[in-house]
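*Asks:* Quick one: the structure is below, questions incoming.
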Amino acid sequence: MNRRTQTVPEPSLIYSKSKAGRIGCNVPTCDTPEVDLASVVGETRSELKLPEVSELDLLRHFTNLSHINYGIETGFYPLGSCTMKYNPKINEKAAGLAGFAQLHPLQPVETIPGALEILHGVQSMLCEITGFDAITLQPLAGAHGEMTCLMLVKAYHASIGEGDKRKVVLVPDSAHGTNPASAARCGYSVKSIPTDADGNTDLAALEAALDDTVAALMLTNPSTLGLFEPNIEKICKMVHDAGGQVFCDGANMNAMVGTTRPGDHGFDCMHLNLHKTFSTPHGGGGPGCGAIGLQKHLEPFLPVPVIRSVGDTLIADYDRPHTIGKVAAFYGQFLMEVRAYTYLRAYGRERIADISRYSVLNANYVRERLKEVLPPAHDRPCMHECILTAEKYKKEHGVRALDISKRLIDYGYHPPTNYFPLIVPECLMIEPTETESKDTLDDFCDALIAICHEAVENSDLLHDAPSTRIVGRLDETLAVKQLDVRWNG
Amino acid sequence: MPYIPHTSEDTQAMLGLIGASSIDELFREIPENLRVKPGALNLPPALDEHKLMAHLTEIAAKNIDMTKVTCFLGAGVYDRYVPATVGAVISRGEFLTSYTPYQPEASQGYLQAIYEFQSMIAEIYGMEIANASMYDGATSMAEAAIMATGIKNRDRVTISETVHPHYRQVLDTYCWSMGIEVVTVPAQNGLAGDMSTVESACVIVQYPNFFGGIEDLARAKADADKSGAMFIVVSDPVASSLLKPPGDFGADIVVGEGQPLGVAMGLGGPMVGLFACKKELIRNIPGRIVGRTKELHGDKPGFVMTLRTREQDIRREKATSNICTNEALMALANTVYMMALGKNGLTKVATSSVRNTQYAIQQLTAAGGKLKFTGKVFGEFVLSLPKNATEVRDALLKKGILAGLPLGSYYQGMDNDLLVAVTEVRSKDQIDHFAQSLKEVLA
Amino acid sequence: MPMSAIPEGLKYTKSHEWIQLDGDVATVGITDQAQSELGDVVYVDLPSVGKTLSAGETFGSIESVKAVSDLYAPVAGEVIEVNGNLDSSSDLVNSDPYGAGFMIKIRVNGDLPGDLLSAAEYSAHVG
């Protein structure tokens, strides 16, 4: 297979294009009197080593950098657990309206009724979709939402006099790393719960772990194995009977939108990633946007402000005596909420379920098409993502999942997630999302099948991949040992 | 639906291969009683693109945005000039719709931009290194404080009352959940009081502080040193581009809000947290870091995310923080902004802010206000009024002026005090209009 | 899995540390097996001299680019020496795990734990 190599200019740091006296924009002029800086502000800095480039050089710099960066708009992005779906352009247009973008977070709340309408609208729609009693849009990202949920749990247990004894959070071994890290951030110790052979939570192990020191179970449903937890109601009841709370990691909400509601499963709270499920762009690793949903008993502890209606008026309520306080400086990721609102209104009641239905269809299709070359880790229908294992290629040909992934880059695709969940050996986690067509999936599956044949016949092609990008595999050991994390002239 | 490309033939062919008779069948593992029927949720009806845009435009029009009033409100979020290039770059799909650059060979563009971001933020703050960004200034400060408690193995942090009240509230929440005590030191004449402490992990001051005052960082650093506490400075990057930067005063960690560097105010989100520190602390810092390296089997330079073992996906409950997603796109906006402005542009923006602020102080004090505090200020100041500041603010709003932030709800006894910010985008005419209107309101 | 070196005369733990006893001083490191699983070692976090450890307690951690493992004290006692060379040359753990790549020396306090393994037992443990 011969692939064309990228023909792009060799990238160089912006500093190499800098020349004293150049400027890349038309800075506002100042028409107030000059001042003696030393007497007004005191000592000023002696130098400021920033690049000096023209506006066109600046744009060429970033345009060239964009050509060596892969986005959803470049091609298929089957990154499991990340829900890389199409980010509609109307969302961007909406977020750019001056009536949203040009608002100050501390302007009088009476002057932002439209903003409150957006926030309240998103809250209401997410309540309906998740089945929870309340939603707050304060958390700034998914992990921030997890942490906020655990803070609510902590405040709740304190309020019923159990704060001192409930110090443990249970986390399945298949969980995202943010779960235990968020628990630690709330002062909890973490106990791991194993997964059984079918990919479900090991109920016996859970039963054994449940006692009056347990504050919460953090459960991802569908799990990170791409499987729906069929015992979910029973699990929630077991934890509740022991006095614990159950948190749902909503990373995989895309499998459930319009089809089933975590709030009906018995969960007490959950976080959502609006940047996954509700199409706000990932932006290269943020901004995230982490709404959380919760049942009534956790509502008194919500972070402030709480956006709610009083009669016909919407208010930002700070007068909440039991609140955990503030988790973010202002209203959360407002312009991301505008995007999510736009997305939800485009789907509407009629079509919202299509999100989960077609994402699950796509994942099962990919699973079926690839099962001969890359067997699924579990013999069950998957939800919105499929977890496949490349173990046989490692054993028989010395080819690892990572090598297969790197070879996919040569075929023009972004790799799937590798080595997560940790409990599946040589794992490839593929999440196609509902916005990919059968044609795209067929091409992708054909490529993966071809790569698996290459793994058997000419494994060097995989070990040396990618060979068509601006750089080959990079020396990550060197990066750590000879740290170079800033330009130093 | 344009976002879902399946034709009914496609769907049938796919189901056929899977061996399912319907999409419903794929959900069979979900207990029947937990399933909702498609269309059964009580959501508003779908809108087509044209109607949806009209609907959103109508909602947006209900707000009073900064194109309708003149903004003198700051308090951590500033109405500043944003070059057109910023929007042009961050809306490029290759950046906007990419994920965290875990696959470096397919992400060199973003990785390089973040490396350049780290370089410029570290430079502005006068620090050795910076990370790839945090959520916002407030959470960045809370993360810095928690990092200090881990390094010092002390469970107390000390912060000046002159630090942004919202930042302190976020710090309170974070520290409450981890059992860390927060000691707040009262202000003196609008500046930090004696910051010497007993057994605190860190001392936190803001530069310029919430009131716009330029803190004496040398003294605050000396106070921190007395008990071996780490010295953390919250700093506005625009001010730091002109003033002697916090790093020159021996700060261990500098954090701040990156919104003033080319990010829309957007009702305060998304913004971007800045985080810089001494190099010796690099293994303890939260968040991502991009490093420069070479090819494994070649000599070409390239960029990767590095020191990954600090992070939650590897170290789980022992990670330096739970942060995963950061604010890459806003950091990219900062990067474009800093390059577009460069040394001369950023110095000019900061200097113009100082000039406009000084002019506003003259005009507004002549119009009936008084300066609350006597210390030096950068681009913001507290104006004492003969009347309740909220009433004055509301009256001025009717004249098209968003006059500032009334401080009564934040600090006791400051009901008549207004925090006023004057950035480089304000003109002499606008300031004169503000002064004239204030005179009328106070009359 | 290639055969890794498991010298006779050392004691081993199930968590892949080795110890060498010289009077009441125990030298502690990680096994060849452990270093090869971990890959290129880029950082070793070690305690300060003078720290008292109980058997089984975490005394530090060892990192490769994409993994991190805790280090467990095989015996109780006081840390009397740490291998300062690992600061700048952490690759010694890979190149000479039983020699220049050692981690710490402990002055042993009390009896040795009963669950330490011989070379043969460790060999069986790692299969």
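Ordering of the structure tokens sets the chain letters (A, B, ...); residue numbers start at 1 within each chain; ligands are numbered from 1 in the order shown.
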Please identify every residue of chain C that has at least one atom no more than 9 Å from any atom of chain B, counting only C-alpha atoms, and report them as number ranges by chain.
*Replies:* C: 63-69
*Asks:* For chain A, report every residue with an atom at most 12 Å from chain C (counting only C-alpha atoms), formatted as a PDB file with N, CA and C atoms, in the first residue's frame.
*Replies:*
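Okay, result32.pdb is ready:
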```
ATOM      1  N   LYS A 394      -0.034  -9.670  18.871  1.00  0.00           N
ATOM      2  CA  LYS A 394       1.110  -9.484  19.760  1.00  0.00           C
ATOM      3  C   LYS A 394       1.792 -10.822  19.994  1.00  0.00           C
ATOM      4  N   LYS A 395       0.976 -11.829  20.293  1.00  0.00           N
ATOM      5  CA  LYS A 395       1.533 -13.149  20.602  1.00  0.00           C
ATOM      6  C   LYS A 395       2.228 -13.761  19.387  1.00  0.00           C
ATOM      7  N   GLY A 398       4.297 -10.201  17.163  1.00  0.00           N
ATOM      8  CA  GLY A 398       4.999  -9.102  17.833  1.00  0.00           C
ATOM      9  C   GLY A 398       4.439  -7.735  17.484  1.00  0.00           C
ATOM     10  N   TYR A 419      -5.211   0.642  24.820  1.00  0.00           N
ATOM     11  CA  TYR A 419      -4.816   0.332  26.198  1.00  0.00           C
ATOM     12  C   TYR A 419      -5.766   0.894  27.231  1.00  0.00           C
ATOM     13  N   LEU A 422      -8.029  -0.746  30.981  1.00  0.00           N
ATOM     14  CA  LEU A 422      -6.782  -1.430  31.287  1.00  0.00           C
ATOM     15  C   LEU A 422      -6.951  -2.942  31.375  1.00  0.00           C
ATOM     16  N   ASP A 475      10.475  10.224  20.371  1.00  0.00           N
ATOM     17  CA  ASP A 475      11.186   9.666  21.518  1.00  0.00           C
ATOM     18  C   ASP A 475      10.632  10.283  22.806  1.00  0.00           C
ATOM     19  N   GLU A 476       9.685   9.570  23.406  1.00  0.00           N
ATOM     20  CA  GLU A 476       9.040  10.119  24.604  1.00  0.00           C
ATOM     21  C   GLU A 476       9.933  10.005  25.832  1.00  0.00           C
ATOM     22  N   THR A 477      10.850   9.046  25.807  1.00  0.00           N
ATOM     23  CA  THR A 477      11.795   8.941  26.922  1.00  0.00           C
ATOM     24  C   THR A 477      12.711  10.151  26.941  1.00  0.00           C
ATOM     25  N   LEU A 478      13.196  10.498  25.770  1.00  0.00           N
ATOM     26  CA  LEU A 478      14.054  11.682  25.668  1.00  0.00           C
ATOM     27  C   LEU A 478      13.308  12.926  26.135  1.00  0.00           C
ATOM     28  N   ALA A 479      12.029  13.003  25.782  1.00  0.00           N
ATOM     29  CA  ALA A 479      11.226  14.174  26.154  1.00  0.00           C
ATOM     30  C   ALA A 479      11.190  14.355  27.670  1.00  0.00           C
ATOM     31  N   VAL A 480      11.138  13.233  28.397  1.00  0.00           N
ATOM     32  CA  VAL A 480      11.097  13.320  29.855  1.00  0.00           C
ATOM     33  C   VAL A 480      12.487  13.581  30.418  1.00  0.00           C
ATOM     34  N   LYS A 481      13.473  12.913  29.830  1.00  0.00           N
ATOM     35  CA  LYS A 481      14.815  12.996  30.414  1.00  0.00           C
ATOM     36  C   LYS A 481      15.498  14.325  30.123  1.00  0.00           C
ATOM     37  N   GLN A 482      15.232  14.859  28.945  1.00  0.00           N
ATOM     38  CA  GLN A 482      15.827  16.167  28.632  1.00  0.00           C
ATOM     39  C   GLN A 482      14.675  17.142  28.409  1.00  0.00           C
ATOM     40  N   LEU A 483      14.040  17.487  29.506  1.00  0.00           N
ATOM     41  CA  LEU A 483      12.835  18.306  29.435  1.00  0.00           C
ATOM     42  C   LEU A 483      13.076  19.607  28.694  1.00  0.00           C
TER      43      LEU A 483
END
```
*Asks:* Please, which residues of stretch 29-127 of chain C, numbered as in this document, come out alpha helix (DSSP H) from DSSP, as a list in words?
*Replies:*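 Residues of stretch 29-127 of chain C classed as alpha helix (DSSP H): Asp32, Gln33, Ala34, Gln35, Ser36, Glu37, Leu38, Asn85, Leu86, Asp87, Ser88, Leu92, Val93, Asn94, Ser95, Ala119, Ala120, Glu121, Tyr122, Ser123, Ala124, His125 and Val126 of chain C.
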*Asks:* Leaving out A:Phe100 and any residue of its chain fewer than 5 positions from it, which residues lie within 10 Å of it when counting only C-alpha atoms, given as a PDB file with C-alpha atoms, in the first residue's frame?
*Replies:*
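Output saved as around.pdb:
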```pdb
ATOM      1  CA  ALA A  94     -24.953  30.995  17.627  1.00  0.00           C
ATOM      2  CA  ALA A  95     -22.137  31.219  20.159  1.00  0.00           C
ATOM      3  CA  ILE A 112     -29.079  38.939  30.917  1.00  0.00           C
ATOM      4  CA  GLY A 114     -31.646  35.752  27.429  1.00  0.00           C
ATOM      5  CA  ALA A 115     -28.569  34.114  28.928  1.00  0.00           C
ATOM      6  CA  ILE A 118     -30.370  29.501  27.556  1.00  0.00           C
ATOM      7  CA  PHE A 334     -21.745  29.670  29.008  1.00  0.00           C
ATOM      8  CA  LEU A 335     -20.862  29.780  25.317  1.00  0.00           C
ATOM      9  CA  VAL A 338     -25.318  28.082  23.861  1.00  0.00           C
TER      10      VAL A 338
ATOM     11  CA  LEU B  56     -31.423  32.211  19.043  1.00  0.00           C
ATOM     12  CA  THR B  57     -31.042  35.716  17.669  1.00  0.00           C
ATOM     13  CA  ILE B  59     -32.970  35.241  22.768  1.00  0.00           C
ATOM     14  CA  ALA B  60     -29.594  36.927  22.353  1.00  0.00           C
ATOM     15  CA  ALA B  61     -31.319  40.245  21.735  1.00  0.00           C
ATOM     16  CA  LYS B  62     -32.880  40.104  25.190  1.00  0.00           C
ATOM     17  CA  ASN B  63     -29.464  40.585  26.759  1.00  0.00           C
ATOM     18  CA  ILE B  64     -27.726  43.908  27.139  1.00  0.00           C
ATOM     19  CA  ASP B  65     -24.375  43.103  25.573  1.00  0.00           C
ATOM     20  CA  MET B  66     -21.279  45.251  25.311  1.00  0.00           C
ATOM     21  CA  ALA B 264     -14.435  36.752  24.409  1.00  0.00           C
ATOM     22  CA  MET B 265     -16.011  37.554  27.776  1.00  0.00           C
ATOM     23  CA  GLY B 266     -18.856  35.139  27.024  1.00  0.00           C
ATOM     24  CA  LEU B 267     -20.524  35.617  30.402  1.00  0.00           C
TER      25      LEU B 267
END
```
*Asks:* How many Å separate atom CA of B:Lys226 from atom CA of B:His164?
*Replies:*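 Separation of atom CA of B:Lys226 and atom CA of B:His164: 24.6 Å.
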*Asks:* Excluding same-chain residues fewer than 5 positions from C:Thr27, what lies within 7 Å of it counting only C-alpha atoms, as a compact mmCIF listing (two decimals) with N, CA and C atoms, in the first residue's frame?
*Replies:*
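Done, and the output landed in part19.txt:
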```txt
# COMPACT_ATOMS: atom_id res chain seq x y z
N ILE C 19 16.27 -7.82 47.85
CA ILE C 19 17.13 -7.27 48.89
C ILE C 19 18.37 -8.15 49.02
N GLN C 20 19.45 -7.47 49.37
CA GLN C 20 20.70 -8.17 49.66
C GLN C 20 21.10 -7.80 51.07
N LEU C 21 21.29 -8.80 51.91
CA LEU C 21 21.60 -8.54 53.31
C LEU C 21 23.10 -8.59 53.55
N ILE C 104 17.80 1.92 47.61
CA ILE C 104 18.13 2.42 48.95
C ILE C 104 18.82 1.33 49.76
N LYS C 105 19.44 1.77 50.86
CA LYS C 105 19.93 0.83 51.86
C LYS C 105 19.19 1.11 53.17
N ILE C 106 18.79 0.00 53.81
CA ILE C 106 17.99 0.12 55.03
C ILE C 106 18.74 -0.58 56.17
```
*Asks:* Find the residue from B:Ile159, B:Asp24, B:Val255, B:Leu15 that sits nearest to B:Val36; use only C-alpha atoms when measuring.
*Replies:*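 Closest to B:Val36, using only C-alpha atoms: B:Asp24.
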*Asks:* So how many Å separate atom CA of B:Leu41 and atom CA of A:Ile129, to one decimal?
*Replies:*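 Taking atom CA of B:Leu41 as the start and atom CA of A:Ile129 as the end point, the length is 7.0 Å.
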*Asks:* In Å to one decimal, how far is atom CA of B:Leu402 from atom CA of B:Phe378?
*Replies:*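 So the answer is 19.6 Å.
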*Asks:* Excluding same-chain residues fewer than 6 positions from B:Phe210, what lies within 8 Å of it counting only C-alpha atoms, as an mmCIF file with N, CA and C atoms, in the first residue's frame?
*Replies:*
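Once everything was written out, this is out.cif:
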```
data_model
loop_
_atom_site.group_PDB
_atom_site.id
_atom_site.type_symbol
_atom_site.label_atom_id
_atom_site.label_comp_id
_atom_site.auth_asym_id
_atom_site.auth_seq_id
_atom_site.Cartn_x
_atom_site.Cartn_y
_atom_site.Cartn_z
ATOM 1 N N ALA B 75 -13.114 43.401 37.108
ATOM 2 C CA ALA B 75 -13.153 42.419 38.195
ATOM 3 C C ALA B 75 -12.803 41.029 37.707
ATOM 4 N N GLY B 76 -11.745 40.943 36.943
ATOM 5 C CA GLY B 76 -11.245 39.628 36.550
ATOM 6 C C GLY B 76 -11.582 39.223 35.140
ATOM 7 N N THR B 162 -7.601 40.650 49.674
ATOM 8 C CA THR B 162 -7.588 41.460 48.448
ATOM 9 C C THR B 162 -7.551 40.592 47.184
ATOM 10 N N VAL B 163 -7.584 39.267 47.350
ATOM 11 C CA VAL B 163 -7.702 38.386 46.182
ATOM 12 C C VAL B 163 -9.190 38.320 45.790
ATOM 13 N N HIS B 164 -9.439 38.172 44.510
ATOM 14 C CA HIS B 164 -10.806 38.138 43.964
ATOM 15 C C HIS B 164 -11.733 37.286 44.843
ATOM 16 N N PRO B 165 -12.857 37.849 45.297
ATOM 17 C CA PRO B 165 -13.752 37.095 46.192
ATOM 18 C C PRO B 165 -14.251 35.786 45.581
#
```
*Asks:* Enumerate, as a ChimeraX atom specification, the complete set of residues in chain C that a backbone-based DSSP assignment places in strand (DSSP E or B).
*Replies:* /C:11-12,17-22,25-30,43-45,52-53,58-63,68-72,77-82,104-108,117
*Asks:* Write the residues of the selection above to a file with C-alpha atoms, as an mmCIF file, in the first residue's frame.
*Replies:*
```
data_model
loop_
_atom_site.group_PDB
_atom_site.id
_atom_site.type_symbol
_atom_site.label_atom_id
_atom_site.label_comp_id
_atom_site.auth_asym_id
_atom_site.auth_seq_id
_atom_site.Cartn_x
_atom_site.Cartn_y
_atom_site.Cartn_z
ATOM 1 C CA LYS C 11 15.768 -12.362 48.671
ATOM 2 C CA TYR C 12 12.728 -11.252 46.661
ATOM 3 C CA GLU C 17 11.834 -5.847 44.863
ATOM 4 C CA TRP C 18 15.073 -7.631 45.741
ATOM 5 C CA ILE C 19 17.128 -7.273 48.895
ATOM 6 C CA GLN C 20 20.701 -8.174 49.659
ATOM 7 C CA LEU C 21 21.604 -8.543 53.309
ATOM 8 C CA ASP C 22 24.997 -7.537 54.650
ATOM 9 C CA VAL C 25 22.075 -3.542 56.267
ATOM 10 C CA ALA C 26 19.689 -4.423 53.447
ATOM 11 C CA THR C 27 20.270 -3.084 49.937
ATOM 12 C CA VAL C 28 17.003 -2.789 48.012
ATOM 13 C CA GLY C 29 16.258 -2.560 44.312
ATOM 14 C CA ILE C 30 13.817 -3.862 41.716
ATOM 15 C CA TYR C 43 12.436 8.817 37.153
ATOM 16 C CA VAL C 44 12.838 7.286 40.568
ATOM 17 C CA ASP C 45 11.296 8.993 43.559
ATOM 18 C CA THR C 52 11.812 4.927 59.156
ATOM 19 C CA LEU C 53 9.947 2.331 57.118
ATOM 20 C CA THR C 58 5.522 2.406 50.130
ATOM 21 C CA PHE C 59 8.922 4.068 50.126
ATOM 22 C CA GLY C 60 8.917 5.639 46.703
ATOM 23 C CA SER C 61 7.898 5.183 43.111
ATOM 24 C CA ILE C 62 9.482 4.423 39.805
ATOM 25 C CA GLU C 63 8.339 5.754 36.467
ATOM 26 C CA VAL C 68 4.366 4.313 37.354
ATOM 27 C CA SER C 69 4.859 1.711 40.094
ATOM 28 C CA ASP C 70 5.073 2.086 43.825
ATOM 29 C CA LEU C 71 8.124 0.728 45.592
ATOM 30 C CA TYR C 72 7.510 -1.295 48.752
ATOM 31 C CA GLY C 77 14.109 -0.257 59.293
ATOM 32 C CA GLU C 78 15.755 3.109 58.780
ATOM 33 C CA VAL C 79 16.872 4.445 55.403
ATOM 34 C CA ILE C 80 20.635 4.985 55.702
ATOM 35 C CA GLU C 81 21.518 5.604 52.068
ATOM 36 C CA VAL C 82 19.680 6.479 48.869
ATOM 37 C CA ILE C 104 18.129 2.418 48.951
ATOM 38 C CA LYS C 105 19.925 0.826 51.861
ATOM 39 C CA ILE C 106 17.993 0.116 55.033
ATOM 40 C CA ARG C 107 19.345 -0.632 58.508
ATOM 41 C CA VAL C 108 17.066 -3.536 59.340
ATOM 42 C CA LEU C 117 11.081 -15.361 48.491
#
```
*Asks:* B:Gly16: which residues within 12 Å, counting only C-alpha atoms, same-chain residues fewer than 4 positions away excluded, as an NGL selection string?
*Replies:* (:A and (361 or 364-365 or 368-369)) or (:B and (9-12 or 20-23))
